[in-house]
Structure formats: C-alpha cells, structure tokens
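Student: The following block contains the structure, expressed as structure tokens.
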Amino acid sequence: MMEEVVITALFSVGFNVVMFIPAFIMRTDKLTDISYALTFLAVGIFGFLRSERPFGHALLLTVIILWSVRLGGFLYMRILRMKTDRRFDGMRDKFFKFLGFWILQGLTVPMVLVASVIYFGVGNPTVSVSSLVGLLILLCGLCIEAIADQQKFRFSGDLANKDKWIESGIWSISRHPNYLGEIMVWFGVYLFVASSLEGIHLLVGAFSPIYIAGLLIFVSGIPLLEKSADQKWGSDKKYQEYKKRTPVLIPFLKTK
C-alpha cells in the first residue's frame with residue numbers, strides 16, 4: 001500500500017510541473033494561487049479512480065472535492081482583488097526558483113493526503129461510528145474555515161477597515177479560526193479512515209493531521225502571523241486587549 005503513496009506523490013509532482021509551465025510563461029499569480037487546491041482535487045480524483053470505488057471511498061472523495069472547491073474558489077476571488085501575490089515576487093520570473101515552489105507543493109499535498117491515499121487502497125473499507133464522528137468533525141471544520149475566510153475577506157475589502165485587524169464575527173472568539181477549521185478538517189479525515197487502517201498504515205496515516213497542526217501552530221502559520229500583527233499593532237492598547245480576551249486558536253481556551 002505504501003507503493004500507492006509513492007505513485008500518488010509522483011502524480012502530484014507531475015501535475016504541478018504541468019501547471020508550472022503556463023504559470024511561468026504568463027507570469028500570472030492566478031493559477032499559482034489556486035494551484036494548492038487544484039492539486040488536492042486532482043490527487044483525490046486520482047486516488048479514487050485507482051480504487052475499487054466503494055461507498056466509503058466515494059464519501060471521502062466528496063469531502064476532498066468540497067474542501068478543494070471551497071478553498072480554490074476563495075483563493076481565486078482573493079487573487080482577483082489582489083491582482084498579484086507578494087509571496088511570489090522575485091520568484092515568478094526565475095525559472096528554477098519558481099519550479100522549486102511547484103515541486104515542493106507537489107510533494108506537500110500527498111503528505112497531507114497520506115491517510116486518504118492509504119484509505120483509497122483499502123479494498124473493503126468500513127464506515128464505523130468513529131468514521132461518522134470524523135465526518136462530523138471535518139464538516140464542522142470546513143464550515144468554520146469557510147466562515148472565517150469569508151468574514152475576513154469582506155472585512156479587508158471595506159476601505160474603512162484599512163490597516164485594522166478583524167475582531168468581529170468568529171474572529172471575536174479565536175485569533176486564527178481559519179487555522180482551527182483547517183486542523184479540524186484533517187483530523188476529521190484521519191478519524192474517518194482510521195477504522196479501516198491497521199498497523200503501520202494507521203501510524204503513517206496519523207502523519208496528516210500531525211503535520212498540518214504542527215505546521216500551522218508552530219512553524220509557518222500562527223507564529224508568522226502573530227509576529228506580523230505584533231509589529232503592526234503591538235503598541236495599540238485596543239489590540240493588546242483583543243489579544244488578552246481572545247484565544248490564539250481554540251475558542252474559550254485562554255492562552256497567551
């Protein structure tokens with residue numbers, strides 16, 4: 001079954017190399033910005049088509065499609081407003097540096113989807129009580145993530161909110177509700193597939209939610225945004241009050 005993970009990784013990298021070509025030629029950030037979601041969509045469909053396609057596989061594919069379309073649609077609306085993505089400045093016109101981004105992304109997606117890839121290789125998966133609990137968690141996470149992104153998108157689109165931080169809506173109970181939703185999605189996916197996995201596959205599959213949670217909580221997610229926010233508004237008493245009353249991630253859980 002680990003062979004499926006390798007095959008999927010090669011497919012994912014190949015898919016990203018194909019997308020890299022028009023993105024580099026046209027120097028456009030539109031394709032680059034939504035490519036992450038498109039890769040999840042492509043990898044999910046690839047895994048499903050290689051499976052025996054029982055009900056559990058179809059249900060998981062539906063979840064991956066919902067997540068991918070929601071994220072891709074949001075990112076596309078955002079890049080239409082932004083025109084360009086500053087993350088790719090100094091990269092989009094450098095062939096090998098830009099290609100490196102696409103290859104890295106091609107390797108990252110199957111790591112996040114590793115539990116799903118292994119599950120697609122299970123011939124007769126079970127849909128247990130824990131699977132239903134996982135499905136509920138991931139759907140809640142998807143809703144939280146969607147609501148958070150939409151609220152911030154509308155907030156930042158209002159000129160009256162220029163140079164302000166958002167502390168309304170779901171952002172009033174968590175400083176990073178979109179990340180909370182993201183972690184819930186992949187923890188829910190793992191719980192959904194876990195009852196059909198055994199031994200080493202169960203352990204390898206756990207890499208998915210651990211990787212996402214670790215990345216967002218300790219590496220490139222919350223730490224970078226918190227640092228940026230402190231640089232912008234750290235001396236503002238109202239922002240200091242917002243930080244004191246609003247948990248970093250989990251609502252109603254008081255943390256520094």
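All residue names refer to the structure tokens as shown: chains lettered A, B, ... in order, residues numbered from 1 in each chain, ligands numbered from 1 in order.
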For Thr28 of chain A, please output as a list in words all residues within 9 Å (counting only C-alpha atoms; exclusion window: fewer than 4 positions along the same chain).
Tutor: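 The neighbour list is Pro22, Ala23, Phe24, Thr32, Thr84 and Arg92 of chain A.
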Student: Can you write just those residues out, N, CA, C and O atoms, as a PDB file, in the first residue's frame?
Tutor:
ATOM      1  N   PRO A  22       2.338  26.977 -17.798  1.00  0.00           N
ATOM      2  CA  PRO A  22       1.589  28.189 -18.170  1.00  0.00           C
ATOM      3  C   PRO A  22       1.748  29.317 -17.155  1.00  0.00           C
ATOM      4  O   PRO A  22       1.745  30.498 -17.528  1.00  0.00           O
ATOM      5  N   ALA A  23       1.910  28.962 -15.860  1.00  0.00           N
ATOM      6  CA  ALA A  23       2.080  29.996 -14.842  1.00  0.00           C
ATOM      7  C   ALA A  23       3.370  30.773 -15.075  1.00  0.00           C
ATOM      8  O   ALA A  23       3.407  32.003 -14.921  1.00  0.00           O
ATOM      9  N   PHE A  24       4.433  30.079 -15.459  1.00  0.00           N
ATOM     10  CA  PHE A  24       5.713  30.740 -15.715  1.00  0.00           C
ATOM     11  C   PHE A  24       5.673  31.540 -17.009  1.00  0.00           C
ATOM     12  O   PHE A  24       6.159  32.678 -17.064  1.00  0.00           O
ATOM     13  N   THR A  32      -1.145  30.125  -9.925  1.00  0.00           N
ATOM     14  CA  THR A  32      -0.271  29.766  -8.814  1.00  0.00           C
ATOM     15  C   THR A  32      -1.029  29.799  -7.492  1.00  0.00           C
ATOM     16  O   THR A  32      -0.854  28.922  -6.644  1.00  0.00           O
ATOM     17  N   THR A  84      -1.901  40.621  -7.727  1.00  0.00           N
ATOM     18  CA  THR A  84      -0.668  39.840  -7.613  1.00  0.00           C
ATOM     19  C   THR A  84      -0.496  39.384  -6.171  1.00  0.00           C
ATOM     20  O   THR A  84      -1.034  40.012  -5.244  1.00  0.00           O
ATOM     21  N   ARG A  92       8.483  34.502  -9.552  1.00  0.00           N
ATOM     22  CA  ARG A  92       7.700  34.119 -10.722  1.00  0.00           C
ATOM     23  C   ARG A  92       8.452  34.251 -12.046  1.00  0.00           C
ATOM     24  O   ARG A  92       8.078  33.627 -13.038  1.00  0.00           O
TER      25      ARG A  92
END
Student: Determine, for each residue of segment 114-181 of chain A having at least one atom at most 12 Å from an atom of segment 224-236 of chain A, the closest pair of atoms and their separation in Å to one decimal, counting only C-alpha atoms; order by chain and ascending number, as CSV.
Tutor:
residue,atom,partner,partner_atom,distance
A:Asp163,CA,A:Lys232,CA,8.5
A:Lys164,CA,A:Trp233,CA,8.6
A:Trp165,CA,A:Ala229,CA,8.2
A:Ile166,CA,A:Ala229,CA,11.0
A:Arg175,CA,A:Glu226,CA,9.1
A:His176,CA,A:Leu225,CA,9.1
A:Tyr179,CA,A:Leu225,CA,11.3
Student: Excluding Phe252 of chain A and its own-chain neighbours fewer than 4 positions away, which residues fall within 10 Å of it when counting only C-alpha atoms? Please give them as JSON, numbers by chain.
Tutor: {"A": [173, 174, 245, 246, 247, 248]}
Student: Determine the nearest neighbour of Ala58 of chain A from the options A:Ala148, A:Val127, A:Leu159, A:Leu80, counting only C-alpha atoms.
Tutor: A:Val127
Student: Leaving out Trp67 of chain A and any residue of its chain fewer than 4 positions from it, which residues lie within 8 Å of it when counting only C-alpha atoms, given as a PyMOL selection string?
Tutor: chain A and resi 63+71+142
Student: Near Phe48 of chain A, counting only C-alpha atoms, which residues have an atom at most 12 Å away, once you skip same-chain residues fewer than 4 positions from it, shown as a PyMOL selection string?
Tutor: chain A and resi 4+8+41-44+52-62+64-65+116-123
Student: Excluding Lys152 of chain A and any residue of its chain fewer than 6 positions from it, enumerate the residues within 10 Å of it, using only C-alpha atoms, and give them as an MDAnalysis selection string.
Tutor: chainID A and resid 165:171 178
Student: Next, the residues of the selection above should be written as a PDB file, in the first residue's frame with N, CA and C atoms.
Tutor:
ATOM      1  N   TRP A 165      -7.237  45.357  12.272  1.00  0.00           N
ATOM      2  CA  TRP A 165      -7.324  43.910  12.444  1.00  0.00           C
ATOM      3  C   TRP A 165      -8.794  43.532  12.610  1.00  0.00           C
ATOM      4  N   ILE A 166      -9.144  42.324  12.249  1.00  0.00           N
ATOM      5  CA  ILE A 166     -10.516  41.874  12.373  1.00  0.00           C
ATOM      6  C   ILE A 166     -10.726  41.247  13.751  1.00  0.00           C
ATOM      7  N   GLU A 167     -11.764  41.668  14.449  1.00  0.00           N
ATOM      8  CA  GLU A 167     -12.111  41.084  15.738  1.00  0.00           C
ATOM      9  C   GLU A 167     -13.625  40.907  15.865  1.00  0.00           C
ATOM     10  N   SER A 168     -14.283  40.821  14.714  1.00  0.00           N
ATOM     11  CA  SER A 168     -15.726  40.621  14.700  1.00  0.00           C
ATOM     12  C   SER A 168     -16.062  39.217  14.217  1.00  0.00           C
ATOM     13  N   GLY A 169     -17.328  38.838  14.390  1.00  0.00           N
ATOM     14  CA  GLY A 169     -17.765  37.523  13.942  1.00  0.00           C
ATOM     15  C   GLY A 169     -17.024  36.416  14.665  1.00  0.00           C
ATOM     16  N   ILE A 170     -16.654  35.389  13.934  1.00  0.00           N
ATOM     17  CA  ILE A 170     -15.959  34.246  14.528  1.00  0.00           C
ATOM     18  C   ILE A 170     -14.552  34.608  14.994  1.00  0.00           C
ATOM     19  N   TRP A 171     -14.039  35.734  14.468  1.00  0.00           N
ATOM     20  CA  TRP A 171     -12.714  36.208  14.873  1.00  0.00           C
ATOM     21  C   TRP A 171     -12.732  36.827  16.265  1.00  0.00           C
ATOM     22  N   ASN A 178      -9.609  30.297  10.995  1.00  0.00           N
ATOM     23  CA  ASN A 178      -9.414  29.567   9.736  1.00  0.00           C
ATOM     24  C   ASN A 178      -8.443  28.399   9.925  1.00  0.00           C
TER      25      ASN A 178
END
Student: Closest to Arg86 of chain A among A:Val17, A:Asp33, A:Leu135, A:Val185, using only C-alpha atoms?
Tutor: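 Of all the options, A:Asp33 lies closest to Arg86 of chain A.
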Student: How far is it from atom CA of Val114 of chain A to atom CA of Ser208 of chain A, in Å with one decimal?
Tutor: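 Computing the Euclidean distance for atom CA of Val114 of chain A and atom CA of Ser208 of chain A yields 6.2 Å.
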Student: Excluding Gly157 of chain A and residues on its chain fewer than 5 positions from it, collect all residues at most 10 Å away from it, counting only C-alpha atoms, and give them as a list in words.
Tutor: Arg78, Arg81, Gln151, Lys152 and Lys162 of chain A
Student: Just to be explicit: take each residue in the selection above, keep N, CA and C atoms, and write the result as a PDB file, in the first residue's frame.
Tutor:
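Result file follows (result.pdb):
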ATOM      1  N   ARG A  78      -9.828  36.024  -4.018  1.00  0.00           N
ATOM      2  CA  ARG A  78      -8.826  36.853  -3.344  1.00  0.00           C
ATOM      3  C   ARG A  78      -7.775  37.368  -4.312  1.00  0.00           C
ATOM      4  N   ARG A  81      -8.915  40.223  -6.477  1.00  0.00           N
ATOM      5  CA  ARG A  81      -8.875  41.502  -5.778  1.00  0.00           C
ATOM      6  C   ARG A  81      -7.446  41.998  -5.635  1.00  0.00           C
ATOM      7  N   GLN A 151     -15.592  36.054   6.259  1.00  0.00           N
ATOM      8  CA  GLN A 151     -15.699  37.232   7.118  1.00  0.00           C
ATOM      9  C   GLN A 151     -14.467  38.137   6.976  1.00  0.00           C
ATOM     10  N   LYS A 152     -13.285  37.531   6.925  1.00  0.00           N
ATOM     11  CA  LYS A 152     -12.073  38.342   6.788  1.00  0.00           C
ATOM     12  C   LYS A 152     -11.980  38.955   5.397  1.00  0.00           C
ATOM     13  N   LYS A 162      -9.125  49.658   6.481  1.00  0.00           N
ATOM     14  CA  LYS A 162      -7.727  49.636   6.069  1.00  0.00           C
ATOM     15  C   LYS A 162      -6.815  49.791   7.284  1.00  0.00           C
TER      16      LYS A 162
END
Student: Give me, as a ChimeraX atom specification, the residues of segment 79-167 of chain A that a backbone DSSP run labels helix (DSSP H, G or I).
Tutor: /A:79-82,86-88,95-112,114-120,129-156,159-161
Student: Interatomic distance between atom CA of Thr126 of chain A and atom CA of Pro110 of chain A?
Tutor: 22.4 Å
Student: Of the residues A:Ile34, A:Leu10, A:Leu113, A:Leu49, which is the one nearest to Ile79 of chain A, using only C-alpha atoms?
Tutor: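 Result for the nearest residue to Ile79 of chain A: A:Ile34.
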